[in-house]
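Quick look at upload-v4.cif (mmCIF, C-alpha atoms):
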```
data_structure
#
loop_
_atom_site.label_atom_id
_atom_site.label_comp_id
_atom_site.auth_asym_id
_atom_site.auth_seq_id
_atom_site.Cartn_x
_atom_site.Cartn_y
_atom_site.Cartn_z
CA MET X 1 -85.34 -8.83 193.54
CA LYS X 2 -85.38 -12.54 194.35
CA TYR X 3 -88.23 -12.89 191.87
CA THR X 4 -86.23 -11.15 189.11
CA VAL X 5 -83.13 -13.29 189.72
CA ALA X 6 -85.19 -16.45 189.74
CA LEU X 7 -86.97 -15.47 186.53
CA THR X 8 -83.69 -14.60 184.81
CA SER X 9 -82.16 -17.91 185.94
CA ILE X 10 -85.12 -19.86 184.64
CA SER X 11 -85.00 -18.00 181.29
CA LEU X 12 -81.26 -18.61 180.92
CA ALA X 13 -81.64 -22.28 181.79
CA ALA X 14 -84.45 -22.59 179.28
CA MET X 15 -82.29 -20.95 176.59
CA LEU X 16 -79.40 -23.31 177.31
CA ILE X 17 -81.65 -26.34 177.24
CA THR X 18 -83.18 -25.16 173.97
CA HIS X 19 -79.77 -24.47 172.46
CA ALA X 20 -78.41 -27.85 173.56
CA GLY X 21 -81.37 -29.58 172.00
CA ARG X 22 -81.22 -27.57 168.78
CA ALA X 23 -78.98 -28.42 165.91
CA GLU X 24 -77.89 -26.78 162.75
CA TYR X 25 -75.25 -26.52 160.10
CA GLN X 26 -72.61 -24.10 161.24
CA GLN X 27 -70.52 -24.21 158.11
CA VAL X 28 -70.88 -25.83 154.70
CA ASN X 29 -68.00 -25.94 152.23
CA LEU X 30 -68.97 -27.11 148.77
CA THR X 31 -66.69 -27.77 145.84
CA VAL X 32 -68.53 -26.50 142.78
CA PHE X 33 -67.62 -27.49 139.25
CA GLY X 34 -68.17 -25.33 136.18
CA MET X 35 -67.74 -21.76 137.48
CA ASP X 36 -65.47 -19.90 135.09
CA CYS X 37 -66.09 -16.21 135.70
CA ALA X 38 -67.18 -13.51 138.13
CA PRO X 39 -70.92 -13.65 137.34
CA CYS X 40 -70.84 -17.39 138.11
CA ALA X 41 -69.49 -16.62 141.57
CA HIS X 42 -71.92 -13.77 142.03
CA ALA X 43 -74.86 -15.98 141.05
CA ILE X 44 -73.85 -18.62 143.60
CA ARG X 45 -73.43 -15.98 146.29
CA VAL X 46 -76.84 -14.43 145.62
CA SER X 47 -78.51 -17.84 145.69
CA MET X 48 -76.77 -18.93 148.90
CA LYS X 49 -77.66 -15.66 150.60
CA GLY X 50 -81.28 -16.37 149.74
CA ILE X 51 -81.21 -19.25 152.21
CA SER X 52 -82.50 -18.18 155.58
CA GLY X 53 -79.76 -18.23 158.21
CA VAL X 54 -76.78 -17.80 155.88
CA ASN X 55 -74.34 -15.26 157.26
CA THR X 56 -71.45 -15.14 154.83
CA VAL X 57 -70.58 -16.74 151.49
CA ASP X 58 -67.04 -16.90 150.12
CA VAL X 59 -66.41 -18.10 146.59
CA ASP X 60 -62.97 -18.95 145.20
CA LEU X 61 -63.15 -19.29 141.43
CA ASN X 62 -59.73 -20.89 141.08
CA THR X 63 -60.45 -23.74 143.50
CA GLY X 64 -64.21 -23.87 143.02
CA LEU X 65 -64.66 -23.73 146.76
CA VAL X 66 -67.85 -22.15 148.10
CA GLY X 67 -67.71 -21.55 151.86
CA VAL X 68 -70.97 -20.82 153.65
CA LYS X 69 -71.14 -19.77 157.31
CA LEU X 70 -74.48 -19.86 159.07
CA ALA X 71 -76.03 -18.11 162.00
CA PRO X 72 -76.82 -20.06 165.18
CA GLY X 73 -80.36 -21.39 165.27
CA ASN X 74 -80.75 -21.61 161.51
CA THR X 75 -82.93 -24.32 159.99
CA ALA X 76 -81.26 -24.45 156.59
CA GLU X 77 -81.30 -27.86 154.93
CA LEU X 78 -78.61 -29.40 152.77
CA ARG X 79 -80.88 -29.67 149.75
CA GLN X 80 -81.18 -25.88 149.76
CA PHE X 81 -77.42 -25.50 149.36
CA ASN X 82 -77.45 -28.07 146.57
CA GLN X 83 -80.35 -26.29 144.89
CA ALA X 84 -78.51 -22.96 145.05
CA VAL X 85 -75.73 -24.54 143.01
CA GLU X 86 -77.88 -26.49 140.55
CA LYS X 87 -80.20 -23.60 139.67
CA ASN X 88 -77.21 -21.75 138.29
CA GLY X 89 -76.24 -24.62 136.03
CA PHE X 90 -73.32 -25.93 138.07
CA THR X 91 -72.66 -29.19 139.85
CA HIS X 92 -71.44 -29.79 143.38
CA LYS X 93 -69.12 -32.45 144.65
CA ASP X 94 -68.53 -33.59 148.24
CA ALA X 95 -69.53 -31.11 150.94
CA GLU X 96 -67.54 -30.56 154.09
CA VAL X 97 -69.77 -29.57 156.96
CA VAL X 98 -69.59 -28.51 160.55
CA ALA X 99 -72.93 -29.42 162.07
CA ARG X 100 -74.53 -29.61 165.43
CA GLY X 101 -76.97 -32.41 165.99
CA LYS X 102 -78.35 -35.11 168.17
CA VAL X 103 -77.04 -38.64 167.93
CA SER X 104 -79.82 -41.18 167.76
CA GLY X 105 -80.03 -44.78 166.61
CA THR X 106 -77.86 -47.36 168.32
CA ALA X 107 -74.21 -47.59 169.26
CA ALA X 108 -73.71 -49.90 166.30
CA ALA X 109 -75.65 -47.71 163.87
CA PRO X 110 -75.55 -44.14 165.07
CA VAL X 111 -77.50 -41.45 163.22
CA LEU X 112 -77.06 -37.70 163.32
CA GLU X 113 -80.35 -35.83 163.36
CA VAL X 114 -80.41 -32.21 162.41
CA ILE X 115 -83.26 -30.99 164.54
CA GLY X 116 -85.61 -28.52 162.88
CA THR X 117 -84.90 -30.04 159.47
CA ALA X 118 -85.53 -33.35 157.80
CA ASP X 119 -81.80 -33.99 157.43
CA GLN X 120 -80.39 -37.07 159.10
CA TYR X 121 -77.28 -39.03 158.31
CA ALA X 122 -75.85 -42.40 159.23
CA LEU X 123 -72.55 -41.66 160.94
CA THR X 124 -69.51 -43.48 159.64
CA PRO X 125 -65.93 -42.69 160.60
CA ALA X 126 -63.78 -41.13 157.87
CA ALA X 127 -60.58 -42.70 159.14
CA SER X 128 -59.70 -44.05 162.55
CA ALA X 129 -62.90 -44.85 164.34
CA THR X 130 -63.96 -42.64 167.19
CA ASP X 131 -66.18 -44.37 169.69
CA VAL X 132 -69.60 -42.78 169.40
CA ALA X 133 -71.35 -45.32 171.61
CA GLY X 134 -71.21 -42.97 174.56
CA LEU X 135 -72.69 -40.13 172.52
CA VAL X 136 -76.03 -41.72 171.65
CA GLY X 137 -78.79 -39.48 172.87
CA LYS X 138 -76.45 -36.53 173.27
CA THR X 139 -76.02 -33.32 171.30
CA VAL X 140 -72.74 -33.25 169.40
CA VAL X 141 -70.70 -31.08 167.07
CA VAL X 142 -69.51 -33.01 164.04
CA THR X 143 -67.09 -32.16 161.27
CA GLY X 144 -67.18 -34.41 158.29
CA VAL X 145 -67.86 -35.00 154.62
CA LEU X 146 -71.20 -35.51 152.92
CA PRO X 147 -70.44 -37.44 149.72
CA GLN X 148 -71.72 -36.33 146.34
CA VAL X 149 -74.99 -37.89 145.26
CA SER X 150 -77.04 -37.52 142.12
CA LYS X 151 -78.79 -34.25 141.36
CA GLY X 152 -81.83 -33.47 143.47
CA LYS X 153 -80.89 -35.97 146.19
CA VAL X 154 -79.30 -35.62 149.61
CA PRO X 155 -76.68 -38.04 150.91
CA ASP X 156 -77.68 -40.41 153.69
CA THR X 157 -74.23 -40.83 155.20
CA LEU X 158 -71.93 -38.42 156.97
CA ARG X 159 -68.29 -39.49 157.10
CA TYR X 160 -67.23 -37.76 160.28
CA LYS X 161 -63.70 -36.63 160.99
CA THR X 162 -64.31 -35.33 164.47
CA ILE X 163 -67.26 -35.70 166.79
CA ALA X 164 -67.58 -34.37 170.31
CA GLU X 165 -70.33 -33.65 172.76
CA ALA X 166 -71.52 -30.08 172.44
CA GLN X 167 -70.60 -27.83 175.33
CA MET K 1 -102.55 -16.68 108.41
CA ARG K 2 -98.86 -17.46 108.29
CA PHE K 3 -98.13 -14.00 109.62
CA PHE K 4 -100.37 -14.53 112.63
CA LEU K 5 -98.84 -17.92 113.32
CA VAL K 6 -95.39 -16.42 113.36
CA MET K 7 -96.58 -13.54 115.51
CA ALA K 8 -98.01 -16.04 117.96
CA CYS K 9 -94.65 -17.78 118.05
CA ALA K 10 -92.99 -14.45 118.72
CA VAL K 11 -95.07 -14.03 121.80
CA THR K 12 -94.85 -17.53 123.13
CA LEU K 13 -91.40 -18.55 122.04
CA PRO K 14 -88.12 -16.79 122.22
CA ALA K 15 -84.82 -15.20 120.13
CA ILE K 16 -81.42 -15.64 119.12
CA ALA K 17 -78.89 -13.68 121.00
CA GLY K 18 -75.60 -13.66 119.21
CA ALA K 19 -74.13 -10.88 121.26
CA ALA K 20 -75.47 -10.85 124.74
CA ASP K 21 -74.73 -11.35 128.40
CA HIS K 22 -71.24 -12.47 129.19
CA GLY K 23 -70.24 -14.12 125.95
CA PRO K 24 -68.61 -12.84 122.78
CA ILE K 25 -70.07 -9.76 121.15
CA PHE K 26 -70.13 -10.80 117.48
CA SER K 27 -70.29 -14.56 117.63
CA TYR K 28 -72.57 -17.37 118.69
CA ALA K 29 -71.92 -18.85 122.11
CA THR K 30 -73.46 -21.24 124.59
CA PRO K 31 -74.14 -19.38 127.89
CA VAL K 32 -77.75 -19.23 129.06
CA ASN K 33 -79.30 -17.62 132.11
CA SER K 34 -79.54 -19.23 135.53
CA ALA K 35 -82.99 -20.28 136.65
CA ARG K 36 -85.11 -17.18 137.39
CA GLU K 37 -82.29 -14.88 136.25
CA PHE K 38 -83.19 -11.81 134.24
CA SER K 39 -80.63 -10.35 131.87
CA PHE K 40 -80.83 -6.95 130.25
CA ASP K 41 -78.65 -6.07 127.30
CA THR K 42 -78.30 -2.91 125.39
CA GLY K 43 -75.73 -1.99 122.84
CA ILE K 44 -74.70 -0.06 119.80
CA PHE K 45 -73.82 -2.01 116.70
CA GLY K 46 -72.33 -0.26 113.70
CA ARG K 47 -71.60 -1.15 110.10
CA SER K 48 -69.75 1.28 107.95
CA GLY K 49 -68.86 1.24 104.29
CA SER K 50 -68.51 3.31 101.15
CA GLY K 51 -72.28 3.74 100.99
CA GLY K 52 -72.76 5.07 104.48
CA THR K 53 -72.94 4.03 108.09
CA GLN K 54 -75.74 2.24 109.83
CA LEU K 55 -76.07 2.10 113.59
CA SER K 56 -78.38 -0.18 115.47
CA THR K 57 -79.24 0.08 119.09
CA GLY K 58 -80.55 -3.15 120.37
CA SER K 59 -82.08 -4.02 123.70
CA GLY K 60 -82.38 -7.60 124.76
CA LEU K 61 -84.22 -9.21 127.60
CA GLY K 62 -83.62 -12.75 128.80
CA TYR K 63 -85.22 -14.86 131.49
CA GLY K 64 -83.98 -18.19 132.75
CA LEU K 65 -86.91 -20.55 132.85
CA THR K 66 -84.69 -23.38 134.10
CA PRO K 67 -80.88 -23.60 134.45
CA HIS K 68 -80.79 -24.69 130.81
CA ILE K 69 -83.68 -22.92 129.06
CA THR K 70 -83.73 -19.17 128.55
CA LEU K 71 -86.47 -17.12 126.97
CA ASN K 72 -85.27 -14.02 125.18
CA ALA K 73 -86.46 -11.09 123.16
CA PHE K 74 -84.65 -8.44 121.16
CA LEU K 75 -85.94 -5.01 120.22
CA PRO K 76 -83.82 -3.01 117.81
CA ALA K 77 -83.80 0.48 116.41
CA THR K 78 -81.64 1.60 113.51
CA PHE K 79 -80.11 4.95 112.65
CA GLY K 80 -78.46 6.12 109.51
CA SER K 81 -78.64 4.28 106.24
CA GLY K 82 -76.37 2.64 103.81
CA PRO K 83 -76.80 0.17 100.97
CA LEU K 84 -75.57 -2.69 103.12
CA PRO K 85 -76.31 -6.37 102.56
CA GLU K 86 -78.65 -8.48 104.64
CA THR K 87 -77.18 -9.69 107.92
CA ARG K 88 -78.52 -11.80 110.69
CA ILE K 89 -75.43 -12.50 112.77
CA PHE K 90 -75.13 -8.79 113.36
CA PRO K 91 -78.10 -7.05 114.99
CA SER K 92 -80.21 -5.20 112.46
CA GLY K 93 -83.79 -3.99 112.33
CA GLU K 94 -85.77 -7.11 113.21
CA TRP K 95 -87.58 -7.76 116.42
CA SER K 96 -87.18 -11.27 117.62
CA ALA K 97 -88.37 -13.49 120.40
CA GLY K 98 -87.34 -17.03 121.10
CA ALA K 99 -85.80 -19.61 123.39
CA SER K 100 -82.36 -21.04 123.92
CA TRP K 101 -81.90 -24.57 125.17
CA ARG K 102 -78.57 -25.75 126.53
CA PHE K 103 -79.05 -29.39 125.63
CA LEU K 104 -75.53 -30.53 126.43
CA HIS K 105 -73.89 -29.54 129.67
CA SER K 106 -70.86 -31.45 130.80
CA VAL K 107 -69.23 -30.14 133.96
CA THR K 108 -66.33 -32.32 134.91
CA SER K 109 -63.85 -30.16 136.79
CA VAL K 110 -63.32 -26.93 138.66
CA GLY K 111 -63.86 -23.90 136.44
CA LYS K 112 -64.49 -25.84 133.25
CA ARG K 113 -67.53 -26.91 131.27
CA LEU K 114 -68.40 -28.20 127.82
CA GLU K 115 -71.79 -27.28 126.49
CA SER K 116 -74.00 -26.95 123.44
CA THR K 117 -76.95 -24.64 123.02
CA ALA K 118 -79.66 -24.47 120.37
CA SER K 119 -81.89 -21.46 119.82
CA LEU K 120 -85.06 -20.91 117.90
CA ALA K 121 -86.71 -17.57 117.34
CA ALA K 122 -89.45 -15.84 115.46
CA VAL K 123 -88.16 -12.79 113.62
CA VAL K 124 -90.47 -9.91 112.79
CA PRO K 125 -89.56 -6.82 110.77
CA GLY K 126 -89.47 -3.72 112.92
CA PRO K 127 -91.26 -0.49 112.08
CA GLN K 128 -88.19 1.04 110.50
CA ALA K 129 -87.51 0.65 106.80
CA ASP K 130 -84.45 -1.20 105.57
CA SER K 131 -81.92 0.52 103.42
CA GLY K 132 -80.42 -0.19 100.02
CA VAL K 133 -81.94 -2.91 97.87
CA LEU K 134 -83.81 -4.27 100.86
CA ALA K 135 -85.67 -1.00 101.38
CA HIS K 136 -88.15 -1.59 98.57
CA LEU K 137 -89.14 -5.12 99.48
CA HIS K 138 -92.39 -6.09 101.11
CA ARG K 139 -91.41 -7.62 104.39
CA ALA K 140 -92.63 -10.69 106.16
CA PRO K 141 -91.68 -12.47 109.37
CA GLY K 142 -89.18 -15.27 109.46
CA VAL K 143 -87.72 -17.98 111.61
CA ALA K 144 -84.14 -18.15 112.87
CA GLY K 145 -82.27 -21.03 114.41
CA THR K 146 -78.77 -21.26 115.81
CA LEU K 147 -76.56 -23.94 117.22
CA ALA K 148 -73.44 -23.26 119.27
CA THR K 149 -71.02 -25.54 121.03
CA GLY K 150 -67.87 -24.95 122.98
CA LEU K 151 -65.72 -24.90 126.05
CA ALA K 152 -65.53 -22.39 128.89
CA SER K 153 -62.75 -22.46 131.47
CA ARG K 154 -60.85 -20.16 133.79
CA SER K 155 -58.16 -19.63 131.18
CA GLN K 156 -59.62 -20.31 127.75
CA TYR K 157 -62.85 -20.15 125.81
CA LEU K 158 -63.62 -21.77 122.50
CA TRP K 159 -66.96 -21.63 120.76
CA ALA K 160 -68.20 -22.50 117.29
CA GLY K 161 -71.67 -21.78 116.05
CA SER K 162 -73.91 -21.51 113.07
CA GLY K 163 -77.25 -19.91 112.33
CA TYR K 164 -79.87 -19.93 109.62
CA THR K 165 -82.68 -17.48 108.98
CA ARG K 166 -85.51 -17.83 106.51
CA PHE K 167 -88.12 -15.21 105.82
CA ALA K 168 -91.58 -15.73 104.45
CA GLU K 169 -92.57 -14.33 101.08
CA ALA K 170 -94.59 -11.13 100.96
CA SER K 171 -96.30 -9.91 97.77
CA HIS K 172 -93.80 -11.83 95.59
CA ASP K 173 -90.88 -10.29 97.45
CA LEU K 174 -88.49 -12.38 99.49
CA ARG K 175 -85.65 -11.30 101.68
CA PRO K 176 -82.66 -13.57 101.30
CA ASP K 177 -82.07 -16.61 103.43
CA THR K 178 -78.95 -16.19 105.51
CA LEU K 179 -76.51 -18.79 106.69
CA SER K 180 -74.02 -17.54 109.22
CA TRP K 181 -71.25 -19.12 111.21
CA SER K 182 -68.72 -18.07 113.81
CA GLY K 183 -65.69 -19.24 115.71
CA VAL K 184 -64.31 -17.50 118.76
CA TYR K 185 -61.29 -18.02 120.96
CA GLY K 186 -60.96 -16.28 124.28
CA TYR K 187 -58.15 -16.08 126.78
CA ARG K 188 -57.87 -14.85 130.35
CA PRO K 189 -54.21 -14.38 131.39
CA ALA K 190 -53.08 -15.95 134.68
CA ARG K 191 -52.79 -12.66 136.51
CA LEU K 192 -56.37 -11.81 135.58
CA ARG K 193 -57.80 -15.04 137.00
CA ARG K 194 -58.70 -13.16 140.12
CA GLY K 195 -61.25 -13.24 142.89
CA ALA K 196 -64.97 -13.08 142.49
CA ASP K 197 -65.14 -9.53 143.82
CA GLN K 198 -62.78 -8.04 141.27
CA TRP K 199 -63.20 -7.03 137.66
CA ASP K 200 -62.94 -10.01 135.39
CA TYR K 201 -61.42 -9.43 131.94
CA ARG K 202 -60.97 -11.62 128.94
CA GLY K 203 -59.85 -10.98 125.38
CA LEU K 204 -61.40 -12.70 122.41
CA ALA K 205 -60.65 -13.16 118.73
CA GLU K 206 -63.88 -13.46 116.78
CA LEU K 207 -64.24 -14.85 113.28
CA THR K 208 -67.67 -14.57 111.71
CA GLY K 209 -68.98 -15.36 108.26
CA GLU K 210 -72.23 -15.01 106.48
CA HIS K 211 -73.77 -16.07 103.20
CA THR K 212 -76.94 -14.38 102.06
CA GLY K 213 -78.98 -15.72 99.17
CA ASP K 214 -80.44 -13.77 96.29
CA VAL K 215 -82.97 -11.06 96.91
CA ARG K 216 -86.28 -11.70 95.16
CA ALA K 217 -88.24 -8.61 94.13
CA GLN K 218 -91.68 -8.89 92.49
CA GLY K 219 -91.05 -12.52 91.74
CA HIS K 220 -87.67 -12.03 90.10
CA LEU K 221 -84.26 -12.75 91.53
CA LEU K 222 -82.09 -9.68 91.68
CA PRO K 223 -78.85 -10.49 89.83
CA GLY K 224 -75.71 -10.28 91.92
CA SER K 225 -77.60 -9.79 95.16
CA SER K 226 -76.15 -12.83 96.87
CA THR K 227 -73.24 -12.13 99.22
CA THR K 228 -70.57 -13.99 101.15
CA THR K 229 -68.40 -12.24 103.69
CA LEU K 230 -65.91 -13.22 106.35
CA TRP K 231 -64.97 -10.95 109.25
CA LEU K 232 -62.28 -11.08 111.90
CA GLY K 233 -61.51 -8.89 114.87
CA PRO K 234 -60.78 -8.61 118.56
CA SER K 235 -63.15 -7.95 121.39
CA ILE K 236 -62.80 -7.42 125.11
CA LEU K 237 -65.22 -8.39 127.83
CA ALA K 238 -65.11 -6.88 131.32
CA ILE K 239 -67.37 -8.16 134.07
CA TYR K 240 -67.95 -7.08 137.63
CA LYS K 241 -70.39 -9.22 139.60
CA ASP K 242 -73.65 -8.57 137.75
CA VAL K 243 -72.51 -6.05 135.16
CA ALA K 244 -70.74 -6.81 131.89
CA ILE K 245 -69.34 -4.44 129.29
CA SER K 246 -67.95 -5.64 126.01
CA GLY K 247 -66.66 -4.00 122.88
CA GLY K 248 -65.12 -5.11 119.65
CA VAL K 249 -64.29 -4.30 116.08
CA GLN K 250 -64.11 -6.43 112.95
CA ALA K 251 -62.64 -5.97 109.51
CA PRO K 252 -63.45 -7.97 106.38
CA LEU K 253 -61.20 -10.94 105.61
CA PHE K 254 -63.12 -11.99 102.54
CA ARG K 255 -65.85 -10.22 100.67
CA ASP K 256 -67.88 -11.44 97.74
CA ALA K 257 -70.61 -8.85 97.36
CA SER K 258 -71.68 -6.57 94.57
CA THR K 259 -70.15 -3.15 95.13
CA ALA K 260 -72.78 -1.61 92.86
CA LEU K 261 -75.59 -2.93 95.06
CA TYR K 262 -74.06 -2.76 98.49
CA GLY K 263 -71.06 -0.47 98.37
CA GLN K 264 -68.00 -1.70 100.17
CA GLU K 265 -68.57 -2.51 103.81
CA ARG K 266 -65.32 -1.86 105.64
CA VAL K 267 -65.83 -2.16 109.35
CA ARG K 268 -68.17 -3.50 111.98
CA PHE K 269 -68.06 -2.45 115.59
CA ALA K 270 -70.10 -3.02 118.71
CA ILE K 271 -70.38 -1.99 122.34
CA ASN K 272 -72.68 -3.91 124.62
CA PHE K 273 -73.75 -3.41 128.21
CA SER K 274 -75.36 -6.19 130.22
CA TYR K 275 -76.99 -6.27 133.60
CA LEU K 276 -77.63 -9.68 135.12
CA LYS K 277 -80.28 -9.84 137.81
CA TYR K 278 -79.81 -13.13 139.60
CA SER K 279 -82.53 -14.70 141.67
CA SER K 280 -81.97 -15.44 145.33
CA HIS K 281 -84.95 -17.75 145.38
CA VAL K 282 -84.28 -21.13 146.92
CA SER K 283 -87.21 -23.25 147.97
CA SER K 284 -87.83 -23.31 151.71
CA HIS K 285 -88.79 -26.32 153.80
#
```

Starting from the file, give its structure as structure tokens.
Amino acid sequence: MKYTVALTSISLAAMLITHAGRAEYQQVNLTVFGMDCAPCAHAIRVSMKGISGVNTVDVDLNTGLVGVKLAPGNTAELRQFNQAVEKNGFTHKDAEVVARGKVSGTAAAPVLEVIGTADQYALTPAASATDVAGLVGKTVVVTGVLPQVSKGKVPDTLRYKTIAEAQ
Amino acid sequence: MRFFLVMACAVTLPAIAGAADHGPIFSYATPVNSAREFSFDTGIFGRSGSGGTQLSTGSGLGYGLTPHITLNAFLPATFGSGPLPETRIFPSGEWSAGASWRFLHSVTSVGKRLESTASLAAVVPGPQADSGVLAHLHRAPGVAGTLATGLASRSQYLWAGSGYTRFAEASHDLRPDTLSWSGVYGYRPARLRRGADQWDYRGLAELTGEHTGDVRAQGHLLPGSSTTTLWLGPSILAIYKDVAISGGVQAPLFRDASTALYGQERVRFAINFSYLKYSSHVSSH
């Protein structure tokens, strides 16, 4: 019995450590230009669902907003979301994201690393600066905006609105 | 030799799709397939006049090579016969294969885009004989090109296009060159600008025109065989996710064609069904 409890505790601790160290996009909201009709929305949805880890995709034709929610532990990269838009002949503007990641770099130049992907962004405050100095080396949840960049590229800066240590 | 060259083009190039996918049914328009998207079209296209009625069933296949280049092919079959003039803007008995290239694509706001598309296709006579004065001609392949430009938005659509087809000579016979043009305006009322999971409707007014040159038979031009016609009519397009159904009817606005040779063509109508198979492929890490 003691052995079972100890094993379970070790497994749980290992899962928590793994989860704390892992990072991923939790939600990506893209504004897409050029969609005029139902097949446009359907095409975007099919393409987004082709990305491993995507749970749900909502498309609003009148606002052009494409909302993507992702499963925990996914390794989807931003360029895949961009590609899903571009392959259908549309263009994407700024993306609002909720992401979990590890803050690296220095207090003066913090960087968010999305572990399991190649994505990393220099963190800059969107408005009033939140002190991220104490978050370097920690896992955080960030909400913010990834600005539009030219086709085929991924932005290198994340303008964060909120940032907090992950629980 | 020329025949084999054109046949080779038919295999390696693609066709003009005037009425296909989720655009207008009679007119030229700009939409092309998404990358890796397959589109399947099938429809019934009818022309009726004093000399009889001709129905064509056409099946089209399109494949999006890139977001802006689509390969397409069209396989027709015709039923009934009537002494009707040559037409290229309206599906008739030719097989075709070609490519469409959306060379201008300006996307500047939500739900709106400006674009221009050019198409080039090899056109090959099908196994079925033509009717009327065209029935006795030796047939040869041809080349068709179209150019369309326009605007698509959540509320309005506007496209203008033109096409030209030229056939090769066969045993001193020559089917007429055709120059066709179209203009289409579409509107989606505010209460029909609905969600992506609901049926999407739009109404269109389609104006099409066509000029066909003289028919040459055994080296001689057939007097009075040239025609010019102008057609106008409404069409409706209904789309649900990956399925589109469209239908329309047109009546002649202007007609300069020999009644003795071609009878009096009174109405054109079409129903088209499209299935759009989108690709979920997105490159992985």

Subject >> Check: which chain X residues lie within 8 Å of chain K using all atoms listed in the file, as a PyMOL selection string >> reply: chain X and resi 31-39+41-43+46-51+59-64+77+80+83-84+86-91+117

Original post:
Looking at X:Leu78, X:Leu112, X:Val145, X:Leu30, which one is nearest to X:Leu65, with distances taken over only C-alpha atoms?
Top reply: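 Of X:Leu78, X:Leu112, X:Val145, X:Leu30, the one nearest X:Leu65, counting only C-alpha atoms, is X:Leu30.
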
Original post:
Quick one: of K:Pro189, K:Leu207, K:Tyr63, K:Pro125, who's nearest to K:Trp159, counting only C-alpha atoms?
Top reply: K:Leu207

**OP:** Skip X:Ile163 itself and residues of its chain fewer than 6 positions away, then list as an MDAnalysis selection string all residues within 9 Å of it, counting all atoms listed in the file.
**Re:** chainID X and resid 130 132 140:144

**OP:** Please evaluate the PyMOL selection byres ((chain K and resi 209) around 12) against the structure above and give the resulting residues as a PyMOL selection string.
**Re:** chain K and resi 26-28+87-90+160-164+178-184+206-208+210-212+227-233+250-256

Original post:
Exactly which residues make up the result of the PyMOL selection byres ((chain X and resi 96) around 10) on this file, given as a PyMOL selection string?
Top reply: chain X and resi 27-31+67+93-95+97-99+143-147+158-161

**OP:** For atom CA of K:Leu137 and atom CA of K:Ala97, quote the distance in Å rounded to one decimal.
**Re:** 22.5 Å

Original post:
What lies within 7 Å of stretch 264-273 of chain K using all atoms listed in the file, ignoring chain neighbours under 4 positions off, as a ChimeraX atom specification?
Top reply: /K:41-51,244-252,259

Just C-alpha atoms for this one: save the residues we selected as a compact mmCIF listing (two decimals), in the coordinates of the input.
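Okay, selection_21.txt is ready:
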```txt
# COMPACT_ATOMS: atom_id res chain seq x y z
CA ASP K 41 -78.65 -6.07 127.30
CA THR K 42 -78.30 -2.91 125.39
CA GLY K 43 -75.73 -1.99 122.84
CA ILE K 44 -74.70 -0.06 119.80
CA PHE K 45 -73.82 -2.01 116.70
CA GLY K 46 -72.33 -0.26 113.70
CA ARG K 47 -71.60 -1.15 110.10
CA SER K 48 -69.75 1.28 107.95
CA GLY K 49 -68.86 1.24 104.29
CA SER K 50 -68.51 3.31 101.15
CA GLY K 51 -72.28 3.74 100.99
CA ALA K 244 -70.74 -6.81 131.89
CA ILE K 245 -69.34 -4.44 129.29
CA SER K 246 -67.95 -5.64 126.01
CA GLY K 247 -66.66 -4.00 122.88
CA GLY K 248 -65.12 -5.11 119.65
CA VAL K 249 -64.29 -4.30 116.08
CA GLN K 250 -64.11 -6.43 112.95
CA ALA K 251 -62.64 -5.97 109.51
CA PRO K 252 -63.45 -7.97 106.38
CA THR K 259 -70.15 -3.15 95.13
```

Original post:
Could you state the separation of atom CA of X:Leu135 and atom CA of X:Pro72 in Å, given to one decimal place?
Top reply: 21.8 Å

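Residue selection for this entry, given the PyMOL selection byres ((chain K and resi 76) around 9), comprises Ser56, Thr57, Gly58, Ser59, Gly60, Phe74, Leu75, Ala77, Thr78, Pro91, Ser92, Gly93, Glu94, Trp95, Ser96 and Gly126 of chain K.
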
Can I get the selected residues back with C-alpha atoms, as a tab-separated table (two decimals), keeping the file's coordinate frame?
```
chain	number	residue	atom	x	y	z
K	56	SER	CA	-78.38	-0.18	115.47
K	57	THR	CA	-79.24	0.08	119.09
K	58	GLY	CA	-80.55	-3.15	120.37
K	59	SER	CA	-82.08	-4.02	123.70
K	60	GLY	CA	-82.38	-7.60	124.76
K	74	PHE	CA	-84.65	-8.44	121.16
K	75	LEU	CA	-85.94	-5.01	120.22
K	77	ALA	CA	-83.80	0.48	116.41
K	78	THR	CA	-81.64	1.60	113.51
K	91	PRO	CA	-78.10	-7.05	114.99
K	92	SER	CA	-80.21	-5.20	112.46
K	93	GLY	CA	-83.79	-3.99	112.33
K	94	GLU	CA	-85.77	-7.11	113.21
K	95	TRP	CA	-87.58	-7.76	116.42
K	96	SER	CA	-87.18	-11.27	117.62
K	126	GLY	CA	-89.47	-3.72	112.92
```

Original post:
How far is it from atom CA of K:Ala144 to atom CA of K:Phe167, in Å with one decimal?
Top reply: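 The value is 8.6 Å.
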
Original post:
Taking all atoms listed in the file into account, which of X:Lys102, X:Leu123, X:Lys69, X:Val85 comes nearest X:Asp156?
Top reply: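 Of the candidates, the smallest distance to X:Asp156 is held by X:Leu123.
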
Original post:
In terms of the shortest atom-to-atom distance over all atoms listed in the file, which of X:Gln26, X:Asn82, X:Gln167, X:Thr56 is closest to X:Val114?
Top reply: X:Gln26

Original post:
Leaving out K:Ala118 and any residue of its chain fewer than 6 positions from it, which residues lie within 9 Å of it when counting only C-alpha atoms, given as a VMD selection string?
Top reply: chain K and resid 30 99 to 103 145 to 149

**OP:** Could you check which of X:Tyr121, X:Gln148, X:Lys153, X:Ala107 is closest to X:Ala133, using all atoms listed in the file?
**Re:**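 When distances to X:Ala133 are compared using all atoms listed in the file, the smallest one comes from X:Ala107.
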